[in-house]
Amino acid sequence: MVRKLNSVIESVTARIDARSADSRAAYLEMIRSRRPTAFARTRLTEGNLAHASAGCAVIEKSQILGGGWPVIGIITAYNDMLSAHAPFETYPKLIREAAREVHAVAQVAGGVPAMCDGITQGQEGMELSLFSRDVIAMASAIGLSHDSFDAALHLGVCDKIVPGLVIAALRFGWLPSIFVPAGPMPSGLPNPEKVRVRQLFAEGKVGRDALLKAEAESYHSQGTCTFYGTANSNQMLMEVMGLHLPGAAFPNPGTPLRDALTRAAAHRAAAITAQCASYLPAGELIDARAIVNGIVGLMATGGSTNHALHIPAIAAAAGLVVTLEDFAEISSVTPLLAKIYPNGPVDVNHFHAAGGMSFLITQLLQGGLLHADAQGVMGPISGYGQEPVLADGQLIWRAAPIESADMDVLRPLDDPFSEEGGLRLMSGPLGEGVSKVSAVKPAHRMVEAPALVFDSQEALKDAFESGRLDRDFVAVVRFQGAAANGMPELHGLTPILGVLQDRGHKVALVTDGRMSGASGKIPSAIHMSPEAAQGGPIARVRDGDVIRLDADAGRLEIRVDPAVFNARAPAEFRPNRAPAGLGRELFDLFRLNVSSAASGASPFNFLGLRT
């Protein structure tokens with residue numbers, strides 16, 4: 001049963017529509033003007049067509065040159081270094097075969113980079129991570145710019161890859177687009193044990209061999225890392241926003257069900273082109289309702305803080321203006337229904353087994369928290385409370401389970417883990433940021449202590465190793481924003497701060513940088529905006545200033561007279577390293593033109609809001 005839409009969800013959606021009226025209208029005019037009246041390739045010259053078909057098998061070539069089959073472009077993030085994207089190696093062949101079954105042609109239009117934050121954590125390469133999202137969008141655009149495709153399939157999973165692919169799909173919003181995931185790896189070392197070994201290593205109580213053993217047992221095969229970080233939050237987001245087939249997010253790679261879902265995605269792409277009665281262009285599908293549904297899903301599952309950056313950037317690509325206040329208001333009425341590491345001890349495979357996306361979506365629909373009439377690639381979201389199964393080798397969808405199989409992982413709407421969502425807007429005299437409260441125990445959500453200011457994560461690590469942090473304090477780690485150094489994740493600070501919290505100290509983190517999608521048990525205010533390098537208030541904090549962080553209330557206060565505080569000159573930004581090396585110098589253009597974290601930390605000016 002789908003209930004009447006919650007009044008807060010309704011009002012937030014209306015507010016987004018109202019503030020976005022002009023930019024959304026301009027966007028829709030742009031994509032509607034591109035709607036083809038025939039197959040896209042008919043716009044090409046004979047020479048263009050010859051090039052577009054030259055490398056194809058005979059049957060595909062004959063259809064491109066003169067036949068009546070639509071052409072599906074594949075954008076792939078395949079590489080065999082990264083476990084989450086290695087399964088995509090075999091997808092093009094599978095998709096081509098499936099397309100032929102429904103009289104369509106499928107071609108790999110282009111590849112995009114796929115960067116692993118797990119490999120670059122704490123390394124210089126992490127300074128390219130956030131901007132890789134925008135490079136992926138541009139690389140996708142190059143692939144699709146051949147302008148010979150009638151639909152697109154996007155193969156991607158991890159942190160910046162999916163948001164970048166979505167941004168590109170929306171800028172080619174006249175094309176129907178379906179997102180095709182690969183699924184999580186099977187469960188490995190239990191997450192609490194992995195965390196225990198990491199903290200022991202941080203204290204010097206175990207060696208690197210023990211740490212490497214634990215990490216290798218956690219990340220051990222093809223598929224997405226199993227914790228509920230940005231990669232798996234991406235998959236939840238694509239499903240609840242309607243860009244997946246129902247239930248596509250979490251079946252494991254290399255299984256018959258996963259292959260069947262991939263084939264079905266190709267079949268569906270061929271059925272929703274402009275030549276079909278069920279034409280579903282991506283730019284019409286992703287509207288304010290879809291964006292709000294995505295935020296609801298994020299809150300209900302305690303998803304990645306990185307999506308406080310990615311969702312505004314995605315929305316902007318569709319001509320929609322989304323603010324952190326929208327996140328906060330949605331969070332206030334969305335209960336937390338899932339506990340997946342780092343919010344709980346178990347991983348996304350346990351969530352899937354307990355009922356997964358079909359149970360979650362059904363509960364949210366029954367609570368009136370999702371726009372049931374929002375459109376997905378397989379129909380209205382009201383029909384997404386189903387799970388795919390194989391019956392005699394055929395893919396079918398059945399109703400979601402009526403009960404959770406594990407109440408420690410996934411709960412119904414009438415018995416949530418928390419009455420409010422997993423992320424919190426943090427605001428006060430130091431600006432705006434976000435906090436992943438679902439990962440923090442209630443006893444640790446309020447900290448009032450003197451500030452210790454650091455201009456790099458290395459400086460904080462040095463202070464810990466020299467024994468200077470055995471005390472209550474709020475770590476202020478600044479000059480970590482997008483304009484300063486690309487906004488790297490500071491995940492390496494989690495074990496250190498976790499050790500100090502476990503020793504009984506009250507500790508918290510305030511930063512204009514990012515934490516991992518697996519942001520852990522330390523209370524924090526991250527993505528502080530405006531950032532220090534752009535003169536934000538965080539640049540005026542000094543050692544000893546008393547800061548009060550109240551994650552439950554969403555308040556970040558500083559106990560300094562406002563006149564005194566505002567009169568201080570902000571600390572001068574001095575890059576900690578020369579910008580050259582590992583290609584970081586190639587990203588100067590991004591750093592110089594990036595928007596605030598609150599508006600997505602994007603170098604693109606889709607909404608015309610920056611000069």
# chains A, B, ... in the order shown; residues from 1 in each chain; ligands from 1
call {"tool": "residues_around", "arguments": {"residues": "Asp134 in chain A", "least_positions_apart": "5", "cutoff": "12 Å", "atoms": "only C-alpha atoms", "output": "VMD selection string"}}
result
chain A and resid 112 to 114 128 to 129 139 to 141 160 to 168 310 313 to 314 317 486 587 589 to 591 594 600 to 605
call {"tool": "write_last_selection", "arguments": {"atoms": "N, CA and C atoms", "output": "short mmCIF file (atom, residue, chain, number, x, y, z; two decimals), in the first residue's frame"}}
result
data_model
loop_
_atom_site.label_atom_id
_atom_site.label_comp_id
_atom_site.auth_asym_id
_atom_site.auth_seq_id
_atom_site.Cartn_x
_atom_site.Cartn_y
_atom_site.Cartn_z
N VAL A 112 35.85 5.42 -19.07
CA VAL A 112 36.15 6.52 -18.15
C VAL A 112 37.10 6.01 -17.08
N PRO A 113 37.89 6.91 -16.48
CA PRO A 113 38.77 6.49 -15.39
C PRO A 113 37.96 6.03 -14.19
N ALA A 114 38.50 5.11 -13.46
CA ALA A 114 37.87 4.63 -12.22
C ALA A 114 38.94 4.61 -11.15
N LEU A 128 43.36 14.03 -6.22
CA LEU A 128 42.67 14.00 -7.51
C LEU A 128 41.29 13.35 -7.40
N SER A 129 40.98 12.78 -6.24
CA SER A 129 39.82 11.92 -6.12
C SER A 129 38.51 12.62 -6.42
N ALA A 139 34.70 12.76 -19.66
CA ALA A 139 35.08 11.61 -20.48
C ALA A 139 33.83 10.91 -21.03
N SER A 140 32.78 10.82 -20.21
CA SER A 140 31.52 10.24 -20.69
C SER A 140 30.96 11.06 -21.83
N ALA A 141 31.03 12.38 -21.68
CA ALA A 141 30.51 13.27 -22.72
C ALA A 141 31.25 13.06 -24.04
N LYS A 160 33.34 8.17 -7.03
CA LYS A 160 33.10 9.33 -7.89
C LYS A 160 32.60 8.91 -9.26
N ILE A 161 32.69 7.62 -9.56
CA ILE A 161 32.37 7.14 -10.89
C ILE A 161 30.89 7.30 -11.19
N VAL A 162 30.04 6.81 -10.31
CA VAL A 162 28.60 6.89 -10.56
C VAL A 162 28.12 8.34 -10.61
N PRO A 163 28.47 9.20 -9.65
CA PRO A 163 28.04 10.60 -9.79
C PRO A 163 28.52 11.25 -11.09
N GLY A 164 29.75 10.97 -11.50
CA GLY A 164 30.24 11.52 -12.76
C GLY A 164 29.45 11.00 -13.95
N LEU A 165 29.13 9.72 -13.94
CA LEU A 165 28.33 9.14 -15.02
C LEU A 165 26.93 9.74 -15.06
N VAL A 166 26.35 9.98 -13.87
CA VAL A 166 25.00 10.56 -13.82
C VAL A 166 25.02 11.99 -14.37
N ILE A 167 26.03 12.77 -13.97
CA ILE A 167 26.12 14.15 -14.48
C ILE A 167 26.16 14.13 -16.01
N ALA A 168 26.96 13.24 -16.59
CA ALA A 168 27.03 13.15 -18.05
C ALA A 168 25.71 12.69 -18.64
N HIS A 310 27.68 15.09 -3.80
CA HIS A 310 27.32 14.57 -5.11
C HIS A 310 25.87 14.89 -5.51
N ALA A 313 25.47 18.34 -6.90
CA ALA A 313 26.12 18.43 -8.20
C ALA A 313 25.29 17.72 -9.27
N ILE A 314 24.73 16.56 -8.93
CA ILE A 314 23.86 15.84 -9.87
C ILE A 314 22.62 16.67 -10.18
N ALA A 317 23.17 19.44 -12.60
CA ALA A 317 23.28 19.00 -14.00
C ALA A 317 21.92 18.89 -14.66
N GLY A 486 41.92 19.91 -3.51
CA GLY A 486 41.07 18.91 -4.13
C GLY A 486 40.17 18.17 -3.17
N PHE A 587 45.23 19.84 -12.48
CA PHE A 587 43.91 20.13 -11.93
C PHE A 587 43.80 21.54 -11.38
N LEU A 589 42.95 24.18 -12.91
CA LEU A 589 41.74 24.79 -13.43
C LEU A 589 40.52 24.43 -12.58
N PHE A 590 40.49 23.20 -12.09
CA PHE A 590 39.39 22.77 -11.24
C PHE A 590 39.43 23.50 -9.90
N ARG A 591 40.61 23.55 -9.28
CA ARG A 591 40.73 24.19 -7.97
C ARG A 591 40.37 25.67 -8.03
N VAL A 594 36.24 25.89 -8.61
CA VAL A 594 35.31 25.01 -7.92
C VAL A 594 34.31 25.81 -7.08
N GLY A 600 28.03 21.45 -3.95
CA GLY A 600 28.50 20.29 -4.69
C GLY A 600 29.96 20.23 -5.01
N ALA A 601 30.75 21.27 -4.65
CA ALA A 601 32.19 21.30 -4.94
C ALA A 601 32.45 20.94 -6.40
N SER A 602 31.75 21.64 -7.28
CA SER A 602 31.82 21.33 -8.70
C SER A 602 32.45 22.47 -9.48
N PRO A 603 33.26 22.17 -10.50
CA PRO A 603 33.79 23.22 -11.36
C PRO A 603 32.82 23.62 -12.47
N PHE A 604 31.72 22.87 -12.60
CA PHE A 604 30.75 23.16 -13.66
C PHE A 604 29.75 24.20 -13.16
N ASN A 605 29.38 25.10 -14.02
CA ASN A 605 28.46 26.18 -13.66
C ASN A 605 27.14 26.02 -14.40
#
call {"tool": "residues_around", "arguments": {"residues": "Val71 in chain A", "least_positions_apart": "4", "cutoff": "8 Å", "atoms": "only C-alpha atoms", "output": "CSV table (one decimal) with C-alpha atoms, in the first residue's frame"}}
result
chain,number,residue,atom,x,y,z
A,64,ILE,CA,23.9,0.8,-38.5
A,104,ALA,CA,19.3,-3.6,-31.2
A,105,VAL,CA,23.0,-2.8,-31.6
A,106,ALA,CA,25.3,-2.2,-28.6
A,107,GLN,CA,28.7,-0.5,-28.9
A,148,SER,CA,24.9,8.2,-32.9
A,149,PHE,CA,23.2,6.5,-30.0
A,150,ASP,CA,19.5,6.1,-29.1
A,151,ALA,CA,20.1,5.0,-25.5
A,270,ALA,CA,16.2,-0.9,-26.5
call {"tool": "closest_residue", "arguments": {"among": "A:Gly504, A:Gly498, A:Pro429, A:Gly581", "to": "Met528 in chain A", "atoms": "only C-alpha atoms"}}
result
A:Pro429
call {"tool": "residues_around", "arguments": {"residues": "Met126 in chain A", "least_positions_apart": "6", "cutoff": "8 Å", "atoms": "only C-alpha atoms", "output": "list in words"}}
result
Asp117, Thr120, Pro488 and Glu489 of chain A
call {"tool": "write_last_selection", "arguments": {"atoms": "C-alpha atoms", "output": "PDB file, in the first residue's frame"}}
result
ATOM      1  CA  ASP A 117      39.908   5.855  -2.824  1.00  0.00           C
ATOM      2  CA  THR A 120      44.869   6.399  -2.562  1.00  0.00           C
ATOM      3  CA  PRO A 488      40.963  14.573  -0.108  1.00  0.00           C
ATOM      4  CA  GLU A 489      39.333  12.135   2.263  1.00  0.00           C
TER       5      GLU A 489
END
call {"tool": "residues_around", "arguments": {"residues": "Ala260 in chain A", "least_positions_apart": "5", "cutoff": "10 Å", "atoms": "only C-alpha atoms", "output": "VMD selection string"}}
result
chain A and resid 94 98 248 255 265 388 to 390 393 to 396
call {"tool": "write_last_selection", "arguments": {"atoms": "N, CA and C atoms", "output": "compact mmCIF listing (two decimals), in the first residue's frame"}}
result
# COMPACT_ATOMS: atom_id res chain seq x y z
N LEU A 94 28.30 -9.59 -23.28
CA LEU A 94 26.98 -10.00 -22.80
C LEU A 94 25.91 -9.03 -23.29
N ALA A 98 22.72 -9.64 -25.79
CA ALA A 98 21.36 -9.35 -25.33
C ALA A 98 20.68 -8.34 -26.24
N ALA A 248 18.57 -4.35 -8.70
CA ALA A 248 19.85 -4.59 -9.38
C ALA A 248 21.05 -4.28 -8.51
N THR A 255 27.31 -14.20 -10.80
CA THR A 255 26.21 -15.12 -10.51
C THR A 255 25.22 -15.09 -11.67
N ALA A 265 18.86 -5.26 -18.60
CA ALA A 265 19.11 -3.83 -18.76
C ALA A 265 19.27 -3.49 -20.25
N PRO A 388 14.30 -9.20 -7.77
CA PRO A 388 14.47 -10.10 -8.91
C PRO A 388 14.89 -11.49 -8.45
N VAL A 389 14.38 -12.50 -9.11
CA VAL A 389 14.76 -13.89 -8.86
C VAL A 389 14.75 -14.63 -10.19
N LEU A 390 15.42 -15.76 -10.21
CA LEU A 390 15.38 -16.63 -11.38
C LEU A 390 14.41 -17.76 -11.13
N GLY A 393 15.28 -20.52 -14.66
CA GLY A 393 16.26 -19.85 -15.50
C GLY A 393 15.81 -18.53 -16.08
N GLN A 394 14.57 -18.11 -15.81
CA GLN A 394 14.04 -16.86 -16.33
C GLN A 394 13.99 -15.79 -15.24
N LEU A 395 14.34 -14.57 -15.61
CA LEU A 395 14.31 -13.47 -14.66
C LEU A 395 12.87 -12.99 -14.46
N ILE A 396 12.44 -12.98 -13.20
CA ILE A 396 11.13 -12.43 -12.86
C ILE A 396 11.29 -11.56 -11.62
call {"tool": "atom_distance", "arguments": {"atom1": "CA of Arg133 in chain A", "atom2": "CA of Val157 in chain A"}}
result
12.2 Å
call {"tool": "closest_residue", "arguments": {"among": "A:Pro450, A:Pro281, A:Pro246, A:Pro192", "to": "Tyr341 in chain A", "atoms": "only C-alpha atoms"}}
result
A:Pro192
call {"tool": "closest_residue", "arguments": {"among": "A:Phe351, A:Glu420, A:Val377, A:Cys276", "to": "Leu336 in chain A", "atoms": "only C-alpha atoms"}}
result
A:Glu420
call {"tool": "atom_distance", "arguments": {"atom1": "CA of Arg514 in chain A", "atom2": "CA of Gln534 in chain A"}}
result
16.3 Å
call {"tool": "closest_residue", "arguments": {"among": "A:Gly608, A:Pro570, A:Gly421, A:Gly368", "to": "Ile9 in chain A", "atoms": "only C-alpha atoms"}}
result
A:Gly368
call {"tool": "select_by_dssp", "arguments": {"residues": "range 215-367 of chain A", "states": "helix (DSSP H, G or I)", "output": "number ranges by chain"}}
result
A: 215-218, 230-240, 256-271, 282-285, 288-301, 307-317, 324-333, 348-354, 356-366
call {"tool": "atom_distance", "arguments": {"atom1": "CA of Leu5 in chain A", "atom2": "CA of Pro401 in chain A"}}
result
22.5 Å
call {"tool": "closest_atom_pairs", "arguments": {"of": "range 522-568 of chain A", "to": "range 434-439 of chain A", "cutoff": "12 Å", "atoms": "only C-alpha atoms", "output": "JSON lines"}}
result
{"residue": "A:Ile522", "atom": "CA", "partner": "A:Ala439", "partner_atom": "CA", "distance": 8.0}
{"residue": "A:Pro523", "atom": "CA", "partner": "A:Val437", "partner_atom": "CA", "distance": 7.2}
{"residue": "A:Ser524", "atom": "CA", "partner": "A:Ser435", "partner_atom": "CA", "distance": 5.6}
{"residue": "A:Ala525", "atom": "CA", "partner": "A:Ser435", "partner_atom": "CA", "distance": 5.1}
{"residue": "A:Ile526", "atom": "CA", "partner": "A:Val434", "partner_atom": "CA", "distance": 5.5}
{"residue": "A:His527", "atom": "CA", "partner": "A:Val434", "partner_atom": "CA", "distance": 6.5}
{"residue": "A:Met528", "atom": "CA", "partner": "A:Val434", "partner_atom": "CA", "distance": 7.6}
{"residue": "A:Ser529", "atom": "CA", "partner": "A:Val434", "partner_atom": "CA", "distance": 9.8}
{"residue": "A:Leu549", "atom": "CA", "partner": "A:Ser435", "partner_atom": "CA", "distance": 10.2}
{"residue": "A:Asp550", "atom": "CA", "partner": "A:Ser435", "partner_atom": "CA", "distance": 10.0}
{"residue": "A:Ala551", "atom": "CA", "partner": "A:Val437", "partner_atom": "CA", "distance": 6.5}
{"residue": "A:Asp552", "atom": "CA", "partner": "A:Val437", "partner_atom": "CA", "distance": 7.5}
{"residue": "A:Ala553", "atom": "CA", "partner": "A:Val437", "partner_atom": "CA", "distance": 10.6}
{"residue": "A:Gly554", "atom": "CA", "partner": "A:Ser435", "partner_atom": "CA", "distance": 8.2}
{"residue": "A:Arg555", "atom": "CA", "partner": "A:Val434", "partner_atom": "CA", "distance": 10.2}
{"residue": "A:Leu556", "atom": "CA", "partner": "A:Val434", "partner_atom": "CA", "distance": 10.4}
call {"tool": "residues_around", "arguments": {"residues": "range 20-26 of chain A", "least_positions_apart": "6", "cutoff": "7 Å", "atoms": "only C-alpha atoms", "output": "PyMOL selection string"}}
result
chain A and resi 318-321+607
call {"tool": "select_by_dssp", "arguments": {"residues": "range 377-461 of chain A", "states": "strand (DSSP E or B)", "output": "number ranges by chain"}}
result
A: 379-380, 386-391, 394-399, 410, 418, 423-428, 431-436, 446-454
call {"tool": "write_last_selection", "arguments": {"atoms": "N, CA and C atoms", "output": "short mmCIF file (atom, residue, chain, number, x, y, z; two decimals), in the first residue's frame"}}
result
data_model
loop_
_atom_site.label_atom_id
_atom_site.label_comp_id
_atom_site.auth_asym_id
_atom_site.auth_seq_id
_atom_site.Cartn_x
_atom_site.Cartn_y
_atom_site.Cartn_z
N GLY A 379 9.39 1.84 -14.87
CA GLY A 379 8.06 2.29 -14.52
C GLY A 379 8.09 3.12 -13.25
N PRO A 380 6.92 3.50 -12.71
CA PRO A 380 6.88 4.33 -11.51
C PRO A 380 7.59 3.67 -10.33
N GLN A 386 10.04 -4.52 -5.38
CA GLN A 386 10.09 -5.90 -5.84
C GLN A 386 11.54 -6.37 -5.85
N GLU A 387 11.71 -7.68 -5.81
CA GLU A 387 13.07 -8.22 -5.90
C GLU A 387 13.16 -9.21 -7.06
N PRO A 388 14.30 -9.20 -7.77
CA PRO A 388 14.47 -10.10 -8.91
C PRO A 388 14.89 -11.49 -8.45
N VAL A 389 14.38 -12.50 -9.11
CA VAL A 389 14.76 -13.89 -8.86
C VAL A 389 14.75 -14.63 -10.19
N LEU A 390 15.42 -15.76 -10.21
CA LEU A 390 15.38 -16.63 -11.38
C LEU A 390 14.41 -17.76 -11.13
N ALA A 391 13.46 -17.93 -12.02
CA ALA A 391 12.48 -19.03 -11.94
C ALA A 391 12.62 -19.85 -13.21
N GLN A 394 14.57 -18.11 -15.81
CA GLN A 394 14.04 -16.86 -16.33
C GLN A 394 13.99 -15.79 -15.24
N LEU A 395 14.34 -14.57 -15.61
CA LEU A 395 14.31 -13.47 -14.66
C LEU A 395 12.87 -12.99 -14.46
N ILE A 396 12.44 -12.98 -13.20
CA ILE A 396 11.13 -12.43 -12.86
C ILE A 396 11.29 -11.56 -11.62
N TRP A 397 10.29 -10.76 -11.34
CA TRP A 397 10.29 -9.95 -10.12
C TRP A 397 9.12 -10.39 -9.24
N ARG A 398 9.39 -10.48 -7.95
CA ARG A 398 8.34 -10.85 -7.00
C ARG A 398 8.26 -9.78 -5.92
N ALA A 399 7.14 -9.82 -5.17
CA ALA A 399 6.92 -8.82 -4.13
C ALA A 399 8.01 -8.90 -3.07
N LEU A 410 18.03 -4.47 9.37
CA LEU A 410 17.02 -3.79 8.57
C LEU A 410 15.69 -3.86 9.31
N SER A 418 16.23 4.72 14.51
CA SER A 418 16.17 6.11 14.96
C SER A 418 15.01 6.77 14.23
N LEU A 423 22.20 11.34 8.43
CA LEU A 423 23.08 12.48 8.26
C LEU A 423 22.46 13.72 8.90
N ARG A 424 23.32 14.62 9.35
CA ARG A 424 22.82 15.84 9.99
C ARG A 424 23.54 17.05 9.41
N LEU A 425 22.79 18.09 9.11
CA LEU A 425 23.38 19.38 8.76
C LEU A 425 23.95 19.99 10.03
N MET A 426 25.21 20.45 9.97
CA MET A 426 25.85 21.13 11.08
C MET A 426 26.04 22.59 10.70
N SER A 427 25.56 23.49 11.55
CA SER A 427 25.68 24.91 11.22
C SER A 427 25.97 25.72 12.47
N GLY A 428 26.48 26.93 12.23
CA GLY A 428 26.84 27.83 13.32
C GLY A 428 27.82 28.86 12.82
N GLY A 431 30.27 28.16 9.86
CA GLY A 431 29.77 27.82 8.54
C GLY A 431 28.83 26.63 8.58
N GLU A 432 28.72 25.95 7.45
CA GLU A 432 27.85 24.78 7.32
C GLU A 432 28.67 23.55 6.97
N GLY A 433 28.28 22.42 7.51
CA GLY A 433 28.89 21.15 7.17
C GLY A 433 27.90 20.04 7.40
N VAL A 434 28.38 18.81 7.36
CA VAL A 434 27.51 17.66 7.59
C VAL A 434 28.17 16.71 8.58
N SER A 435 27.35 15.86 9.20
CA SER A 435 27.86 14.87 10.14
C SER A 435 27.09 13.57 9.94
N LYS A 436 27.79 12.45 9.97
CA LYS A 436 27.15 11.14 9.85
C LYS A 436 26.85 10.64 11.25
N MET A 446 27.98 14.78 21.53
CA MET A 446 28.19 16.16 21.98
C MET A 446 29.56 16.26 22.62
N VAL A 447 30.38 17.14 22.09
CA VAL A 447 31.72 17.38 22.62
C VAL A 447 31.92 18.88 22.74
N GLU A 448 32.37 19.32 23.92
CA GLU A 448 32.79 20.71 24.11
C GLU A 448 34.20 20.67 24.67
N ALA A 449 35.15 21.20 23.91
CA ALA A 449 36.55 21.09 24.30
C ALA A 449 37.38 22.13 23.54
N PRO A 450 38.61 22.39 24.01
CA PRO A 450 39.48 23.34 23.31
C PRO A 450 39.86 22.83 21.91
N ALA A 451 40.00 23.76 21.01
CA ALA A 451 40.42 23.42 19.64
C ALA A 451 41.92 23.20 19.58
N LEU A 452 42.31 22.24 18.77
CA LEU A 452 43.70 22.09 18.34
C LEU A 452 43.68 22.18 16.83
N VAL A 453 44.40 23.16 16.29
CA VAL A 453 44.29 23.49 14.87
C VAL A 453 45.45 22.87 14.10
N PHE A 454 45.13 22.22 12.99
CA PHE A 454 46.13 21.60 12.13
C PHE A 454 45.85 22.01 10.69
#
call {"tool": "residues_around", "arguments": {"residues": "Asn48 in chain A", "least_positions_apart": "6", "cutoff": "12 Å", "atoms": "only C-alpha atoms", "output": "number ranges by chain"}}
result
A: 41-42, 54, 64-65, 146-148
call {"tool": "residues_around", "arguments": {"residues": "Asp415 in chain A", "least_positions_apart": "2", "cutoff": "12 Å", "atoms": "only C-alpha atoms", "output": "PyMOL selection string"}}
result
chain A and resi 335-338+363+403-404+407-408+410-413+417-419
call {"tool": "closest_residue", "arguments": {"among": "A:Ala277, A:Leu360, A:Val546, A:Met378", "to": "Phe179 in chain A", "atoms": "only C-alpha atoms"}}
result
A:Met378
